[in-house]
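One file, run-v6.txt, carrying compact mmCIF, C-alpha atoms and all ligand atoms:
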# COMPACT_ATOMS: atom_id res chain seq x y z
CA MET P 216 96.84 -17.86 -18.38
CA GLY P 217 95.48 -15.74 -15.54
CA THR P 218 96.04 -12.01 -15.81
CA VAL P 219 99.66 -11.17 -15.06
CA GLY P 220 99.55 -9.96 -11.49
CA ASP P 221 96.67 -12.29 -10.51
CA ALA P 222 97.17 -13.86 -7.12
CA GLU P 223 95.59 -17.24 -8.04
CA LYS P 224 97.21 -18.67 -11.12
CA LYS P 225 100.71 -17.41 -11.58
CA PRO P 226 102.68 -18.17 -14.71
CA THR P 227 106.06 -19.88 -14.59
CA VAL P 228 108.86 -17.42 -15.20
CA VAL P 229 112.53 -18.20 -15.78
CA PHE P 230 114.86 -15.21 -15.90
CA VAL P 231 117.66 -15.72 -18.42
CA LEU P 232 120.69 -13.63 -17.52
CA GLY P 233 124.25 -13.29 -18.77
CA GLY P 234 126.48 -10.66 -20.32
CA PRO P 235 125.79 -9.19 -23.74
CA GLY P 236 126.68 -11.83 -26.35
CA SER P 237 126.75 -14.73 -23.86
CA GLY P 238 124.21 -16.60 -26.03
CA LYS P 239 120.93 -15.92 -24.18
CA GLY P 240 118.85 -15.43 -27.33
CA THR P 241 120.44 -18.41 -29.09
CA GLN P 242 119.74 -20.81 -26.22
CA CYS P 243 116.25 -19.40 -25.58
CA ALA P 244 115.32 -20.31 -29.18
CA ASN P 245 116.41 -23.91 -28.45
CA ILE P 246 114.48 -24.02 -25.16
CA VAL P 247 111.31 -22.76 -26.91
CA LYS P 248 111.56 -25.57 -29.50
CA HIS P 249 112.06 -28.33 -26.92
CA PHE P 250 110.12 -27.19 -23.86
CA GLY P 251 107.22 -25.01 -25.07
CA TYR P 252 108.18 -21.78 -23.32
CA THR P 253 107.48 -18.32 -24.79
CA HIS P 254 110.67 -16.31 -25.20
CA LEU P 255 110.49 -12.64 -24.24
CA SER P 256 113.68 -10.67 -24.80
CA ALA P 257 113.62 -7.31 -22.99
CA GLY P 258 116.07 -5.94 -25.57
CA ASP P 259 113.91 -7.12 -28.52
CA LEU P 260 110.76 -5.65 -26.93
CA LEU P 261 112.52 -2.32 -26.40
CA ARG P 262 113.85 -2.28 -29.98
CA ALA P 263 110.35 -3.03 -31.32
CA GLU P 264 108.87 -0.26 -29.16
CA MET P 265 111.56 2.13 -30.42
CA LYS P 266 110.72 1.31 -34.06
CA SER P 267 106.95 1.57 -33.50
CA GLY P 268 107.25 5.34 -33.20
CA SER P 269 105.94 5.40 -29.62
CA GLU P 270 106.42 8.47 -27.43
CA ASN P 271 109.26 6.64 -25.64
CA GLY P 272 111.01 5.78 -28.92
CA THR P 273 113.71 8.46 -28.85
CA MET P 274 114.44 7.95 -25.15
CA ILE P 275 114.81 4.16 -25.68
CA GLN P 276 117.06 4.70 -28.71
CA ASP P 277 119.35 7.05 -26.77
CA MET P 278 119.58 4.67 -23.81
CA ILE P 279 120.36 1.65 -26.02
CA LYS P 280 123.02 3.57 -27.94
CA GLU P 281 124.70 4.33 -24.60
CA GLY P 282 124.19 0.78 -23.26
CA LYS P 283 122.13 2.24 -20.39
CA ILE P 284 119.25 0.58 -18.57
CA VAL P 285 115.83 1.84 -19.71
CA PRO P 286 113.48 2.81 -16.81
CA SER P 287 111.73 -0.20 -15.25
CA GLU P 288 108.19 1.03 -15.81
CA VAL P 289 108.70 1.04 -19.60
CA THR P 290 110.26 -2.44 -19.76
CA ILE P 291 107.84 -4.01 -17.27
CA LYS P 292 104.79 -2.69 -19.16
CA LEU P 293 106.16 -4.21 -22.38
CA LEU P 294 106.84 -7.53 -20.65
CA GLN P 295 103.39 -7.67 -19.04
CA LYS P 296 101.64 -6.96 -22.33
CA ALA P 297 103.71 -9.58 -24.18
CA MET P 298 102.91 -12.14 -21.48
CA GLN P 299 99.20 -11.43 -21.68
CA ASP P 300 99.16 -11.50 -25.49
CA SER P 301 101.06 -14.81 -25.69
CA GLY P 302 98.33 -17.06 -24.26
CA ASN P 303 101.09 -19.18 -22.73
CA ASP P 304 101.85 -19.69 -19.04
CA LYS P 305 105.59 -20.45 -19.25
CA PHE P 306 108.03 -17.65 -20.02
CA LEU P 307 111.74 -17.19 -20.56
CA ILE P 308 112.41 -13.56 -19.71
CA ASP P 309 115.75 -12.81 -21.35
CA GLY P 310 117.88 -9.82 -20.38
CA PHE P 311 115.71 -8.88 -17.41
CA PRO P 312 116.01 -7.92 -14.54
CA ARG P 313 119.03 -5.84 -15.47
CA ASN P 314 119.43 -4.21 -12.06
CA GLU P 315 118.15 -4.35 -8.50
CA GLU P 316 115.45 -1.76 -9.22
CA ASN P 317 114.18 -3.82 -12.25
CA ARG P 318 114.00 -6.90 -10.01
CA ALA P 319 112.15 -5.27 -7.12
CA ALA P 320 109.72 -3.43 -9.42
CA PHE P 321 108.85 -6.59 -11.39
CA GLU P 322 108.14 -8.55 -8.24
CA ALA P 323 106.11 -5.70 -6.75
CA VAL P 324 104.02 -5.11 -9.89
CA THR P 325 103.44 -8.70 -11.07
CA LYS P 326 103.77 -10.54 -7.73
CA ILE P 327 105.72 -13.16 -9.67
CA GLU P 328 108.93 -14.72 -8.39
CA PRO P 329 111.04 -16.60 -10.91
CA ALA P 330 111.07 -20.41 -10.76
CA PHE P 331 114.83 -20.07 -11.24
CA VAL P 332 117.46 -17.97 -12.96
CA LEU P 333 119.39 -19.41 -15.88
CA PHE P 334 122.77 -17.70 -15.87
CA PHE P 335 125.12 -17.90 -18.83
CA ASP P 336 128.66 -17.44 -17.61
CA CYS P 337 130.98 -16.26 -20.37
CA SER P 338 134.30 -14.40 -20.59
CA GLU P 339 134.30 -10.82 -21.89
CA GLU P 340 136.81 -11.80 -24.55
CA GLU P 341 134.43 -14.43 -25.98
CA MET P 342 131.37 -12.16 -25.69
CA GLU P 343 133.16 -9.34 -27.48
CA LYS P 344 134.19 -11.67 -30.32
CA ARG P 345 130.61 -12.97 -30.70
CA ILE P 346 128.98 -9.51 -30.66
CA LEU P 347 131.41 -8.12 -33.22
CA SER P 348 130.42 -10.91 -35.63
CA ARG P 349 126.68 -10.91 -34.80
CA ASN P 350 125.81 -8.94 -37.96
CA GLN P 351 122.26 -7.97 -37.04
CA GLY P 352 122.82 -4.30 -37.82
CA ARG P 353 122.37 -3.33 -34.18
CA GLU P 354 123.41 0.22 -33.28
CA ASP P 355 124.88 -0.98 -29.97
CA ASP P 356 127.07 -3.76 -31.41
CA ASN P 357 130.14 -1.54 -31.77
CA ILE P 358 133.26 -1.69 -29.61
CA GLU P 359 132.58 1.61 -27.81
CA THR P 360 129.03 0.67 -26.74
CA ILE P 361 130.06 -2.94 -26.01
CA ARG P 362 132.58 -1.72 -23.39
CA LYS P 363 129.84 0.40 -21.76
CA ARG P 364 127.44 -2.58 -21.76
CA PHE P 365 130.07 -4.79 -20.09
CA LYS P 366 130.51 -2.15 -17.37
CA VAL P 367 126.75 -1.91 -16.78
CA PHE P 368 126.53 -5.70 -16.68
CA LEU P 369 129.28 -5.99 -14.05
CA GLU P 370 128.08 -3.11 -11.90
CA SER P 371 124.27 -3.46 -12.13
CA SER P 372 123.25 -6.86 -13.50
CA LEU P 373 125.67 -9.24 -11.75
CA PRO P 374 124.38 -8.12 -8.31
CA VAL P 375 120.93 -9.41 -9.39
CA VAL P 376 122.48 -12.82 -10.14
CA LYS P 377 124.20 -12.69 -6.72
CA TYR P 378 120.84 -11.87 -5.07
CA TYR P 379 119.17 -14.93 -6.59
CA GLU P 380 122.26 -17.03 -5.82
CA SER P 381 121.79 -16.20 -2.16
CA LYS P 382 118.25 -17.59 -2.49
CA GLY P 383 119.56 -20.81 -4.12
CA LYS P 384 117.78 -20.00 -7.36
CA VAL P 385 120.62 -19.79 -9.90
CA GLN P 386 121.42 -22.45 -12.48
CA LYS P 387 124.82 -21.43 -13.80
CA VAL P 388 125.96 -22.69 -17.19
CA ASP P 389 129.43 -22.44 -18.77
CA ALA P 390 128.50 -20.46 -21.91
CA THR P 391 131.96 -20.34 -23.47
CA LYS P 392 131.42 -23.74 -25.07
CA SER P 393 129.78 -24.40 -28.47
CA VAL P 394 126.04 -23.80 -28.97
CA ASP P 395 125.33 -27.57 -28.91
CA GLU P 396 127.46 -28.22 -25.85
CA VAL P 397 125.76 -25.40 -23.94
CA PHE P 398 122.33 -26.71 -24.93
CA GLU P 399 123.19 -30.22 -23.66
CA VAL P 400 123.61 -28.70 -20.19
CA VAL P 401 120.54 -26.45 -20.54
CA LYS P 402 118.42 -29.45 -21.60
CA VAL P 403 119.19 -31.28 -18.36
CA ILE P 404 118.14 -28.21 -16.34
CA PHE P 405 114.76 -27.99 -18.10
CA THR P 406 114.00 -31.72 -18.18
CA PRO P 407 111.41 -32.55 -15.51
CA LYS P 408 112.78 -34.73 -12.66
CA ASP P 409 110.37 -37.61 -13.46
CA GLU P 410 111.67 -37.83 -17.02
CA LYS P 411 115.24 -37.85 -15.75
CA LYS P 412 114.30 -40.79 -13.47
CA GLU P 413 112.62 -42.60 -16.37
CA ASP P 414 115.67 -42.03 -18.52
CA LEU P 415 117.89 -43.53 -15.82
CA LEU P 416 115.55 -46.51 -15.47
CA CYS P 417 115.65 -47.08 -19.25
CA LYS P 418 119.46 -47.04 -19.16
CA PHE P 419 119.40 -49.47 -16.23
CA GLU P 420 117.00 -51.85 -18.05
CA TYR P 421 119.15 -51.67 -21.16
CA GLN P 422 122.28 -52.54 -19.19
CA LYS P 423 120.43 -55.38 -17.43
CA ASP P 424 119.34 -56.82 -20.81
CA HIS P 425 122.89 -56.46 -22.03
CA LEU P 426 124.23 -58.32 -19.00
CA ASN P 427 121.67 -61.13 -19.42
CA ALA P 428 122.61 -61.55 -23.07
CA THR P 429 126.30 -61.73 -22.13
CA LYS P 430 125.53 -64.28 -19.40
CA LEU P 431 123.62 -66.49 -21.87
CA ALA P 432 126.46 -66.25 -24.39
CA VAL P 433 129.02 -67.30 -21.73
CA ILE P 434 126.82 -70.26 -20.67
CA ALA P 435 126.46 -71.37 -24.30
CA LEU P 436 130.22 -71.12 -24.80
CA PHE P 437 130.86 -73.07 -21.61
CA ARG P 438 128.45 -75.83 -22.70
CA THR P 439 130.09 -76.08 -26.13
CA LEU P 440 133.50 -76.37 -24.47
CA GLN P 441 132.17 -79.06 -22.11
CA ALA P 442 130.73 -81.02 -25.05
CA CYS P 443 134.04 -80.77 -26.93
CA LEU P 444 135.99 -81.91 -23.87
CA SER P 445 133.75 -84.94 -23.18
CA ARG P 446 133.97 -85.91 -26.89
CA THR P 447 137.81 -85.71 -26.69
CA ASN P 448 137.78 -87.85 -23.53
CA THR P 449 135.64 -90.62 -25.13
CA ASP P 450 137.77 -90.65 -28.32
P1 LIG P 501 122.78 -12.56 -26.27
O1 LIG P 501 121.31 -12.81 -26.53
O2 LIG P 501 123.24 -13.08 -24.95
O3 LIG P 501 123.21 -11.14 -26.50
P2 LIG P 501 123.14 -14.06 -28.76
O4 LIG P 501 122.35 -15.32 -28.54
O5 LIG P 501 122.56 -13.02 -29.65
O6 LIG P 501 123.59 -13.44 -27.35
O7 LIG P 501 124.57 -14.51 -29.30
C1 LIG P 501 125.51 -13.53 -29.73
C2 LIG P 501 126.21 -14.04 -31.00
O8 LIG P 501 127.02 -15.17 -30.67
C3 LIG P 501 125.25 -14.51 -32.10
O9 LIG P 501 125.77 -14.14 -33.36
C4 LIG P 501 125.21 -16.02 -31.93
O10 LIG P 501 124.98 -16.68 -33.15
C5 LIG P 501 126.59 -16.33 -31.39
N1 LIG P 501 126.61 -17.42 -30.39
C6 LIG P 501 125.67 -17.69 -29.48
N2 LIG P 501 126.05 -18.73 -28.70
C7 LIG P 501 127.27 -19.12 -29.14
C8 LIG P 501 128.20 -20.14 -28.75
N3 LIG P 501 127.94 -20.97 -27.74
N4 LIG P 501 129.36 -20.25 -29.43
C9 LIG P 501 129.64 -19.40 -30.45
N5 LIG P 501 128.81 -18.42 -30.88
C10 LIG P 501 127.63 -18.28 -30.24
P1 LIG P 502 120.11 -6.87 -25.24
O1 LIG P 502 119.29 -7.07 -26.47
O2 LIG P 502 119.66 -7.72 -24.09
O3 LIG P 502 121.58 -6.99 -25.51
O4 LIG P 502 119.86 -5.37 -24.76
C1 LIG P 502 120.25 -4.28 -25.54
C2 LIG P 502 120.06 -2.97 -24.79
O5 LIG P 502 118.66 -2.78 -24.50
C3 LIG P 502 120.75 -2.88 -23.44
O6 LIG P 502 122.11 -2.52 -23.55
C4 LIG P 502 119.90 -1.80 -22.75
O7 LIG P 502 120.23 -0.51 -23.22
C5 LIG P 502 118.51 -2.14 -23.23
N1 LIG P 502 117.87 -3.12 -22.34
C6 LIG P 502 117.77 -4.44 -22.54
N2 LIG P 502 117.14 -5.06 -21.53
C7 LIG P 502 116.84 -4.09 -20.66
C8 LIG P 502 116.19 -4.09 -19.39
N3 LIG P 502 115.76 -5.19 -18.82
N4 LIG P 502 116.03 -2.91 -18.77
C9 LIG P 502 116.47 -1.82 -19.35
N5 LIG P 502 117.11 -1.73 -20.52
C10 LIG P 502 117.30 -2.86 -21.17

Rendering of file as structure tokens:
Amino acid sequence: MGTVGDAEKKPTVVFVLGGPGSGKGTQCANIVKHFGYTHLSAGDLLRAEMKSGSENGTMIQDMIKEGKIVPSEVTIKLLQKAMQDSGNDKFLIDGFPRNEENRAAFEAVTKIEPAFVLFFDCSEEEMEKRILSRNQGREDDNIETIRKRFKVFLESSLPVVKYYESKGKVQKVDATKSVDEVFEVVKVIFTPKDEKKEDLLCKFEYQKDHLNATKLAVIALFRTLQACLSRTNTD
């Protein structure tokens, strides 16, 4: 991969957005397995930075506990480093950009525009249920912080989705369904167009073979009937 920020060879970036608990991390793990992307969760990177004892640790911890958005420069630095360290050139950036300032700063610093935005659309009721049974020992997975995170999502993060929608870059997925059902839809979005065409051709060939076999069976039946009839006539 070229250095992040290089003008020549830019990596492919897909922003994965959706409310807290909409299933971003779960689906990203599936996409990684099937399509060879590197998954970078802004939340995971911030939690790791917090635990590493860095100078920003306490500030990050306080912001996460309150469901607030950590300053862009901190998150973008972590993302850039993770991209460079990965050795890959295809990234799912999950939970980022969280607000308009995140979005503008990322584009200005890295000069990267996302290939598209994968948006998981889920009801608050379902997200709340999922977070409360997530069981990962996260300090922000409690009802008080969850409500604050929903508010931040509606007020700050949804406008980013709207921005990319206006540029025709959003792939919206109904995330209220089961993990497998959601991934069926996600898989189609990530499958290259050529493979989709090949898949259609295969289905067409299969149906053609099927039709030919049926035609041959009908002809054979017709001939047997004809033979029976002519035998009856001669008898
Ligand atoms: P996010 O990364 O958007 O915060 P997660 O992927 O961590 O969400 O999912 C939140 C919780 O909901 C996890 O415990 C996960 O196992 C569960 N989950 C994810 N997707 C679904 C789904 N489609 N149906 C039911 N539970 C789900
Ligand atoms: P998540 O793991 O995506 O649910 O994020 C958990 C928390 O980390 C959020 O509620 C924010 O406090 C913080 N956070 C996650 N992503 C970002 C981001 N892109 N910018 C700033 N803060 C973030």

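Counting all atoms listed in the file and comparing P:Pro235, P:Pro407, P:Gly310, P:Gly383, the residue that lies closest to Leu260 (chain P) is P:Gly310.
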
Selected residue, from P:Arg353, P:Asn314, P:Thr447, P:Val376, that lies nearest to Gln276 (chain P) when counting all atoms listed in the file: P:Arg353

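Proximity to Phe405 (chain P) at 12 Å, evaluated using all atoms listed in the file and with sequence-adjacent residues fewer than 4 positions away removed, yields Val229, Gln242, Cys243, Asn245, Ile246, Val247, His249, Phe250, Gly251, Tyr252, Lys305, Leu307, Ala330, Phe331, Val332, Leu333, Gln386, Phe398, Glu399, Val400, Val401, Asp409, Glu410 and Lys411 of chain P.
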
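Residue nearest ligand LIG 501 (chain P), chosen from P:Asp424, P:Glu328, P:Glu316, P:Glu396 and counting only C-alpha atoms and all ligand atoms: P:Glu396.
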
Test item: residues no farther than 9 Å from ligand LIG 502 (chain P), counting all atoms listed in the file, as a PyMOL selection string: chain P and resi 232-236+239-240+256-262+275-287+289-291+309-314+317+353+355-356+360-361+363-365+367-368
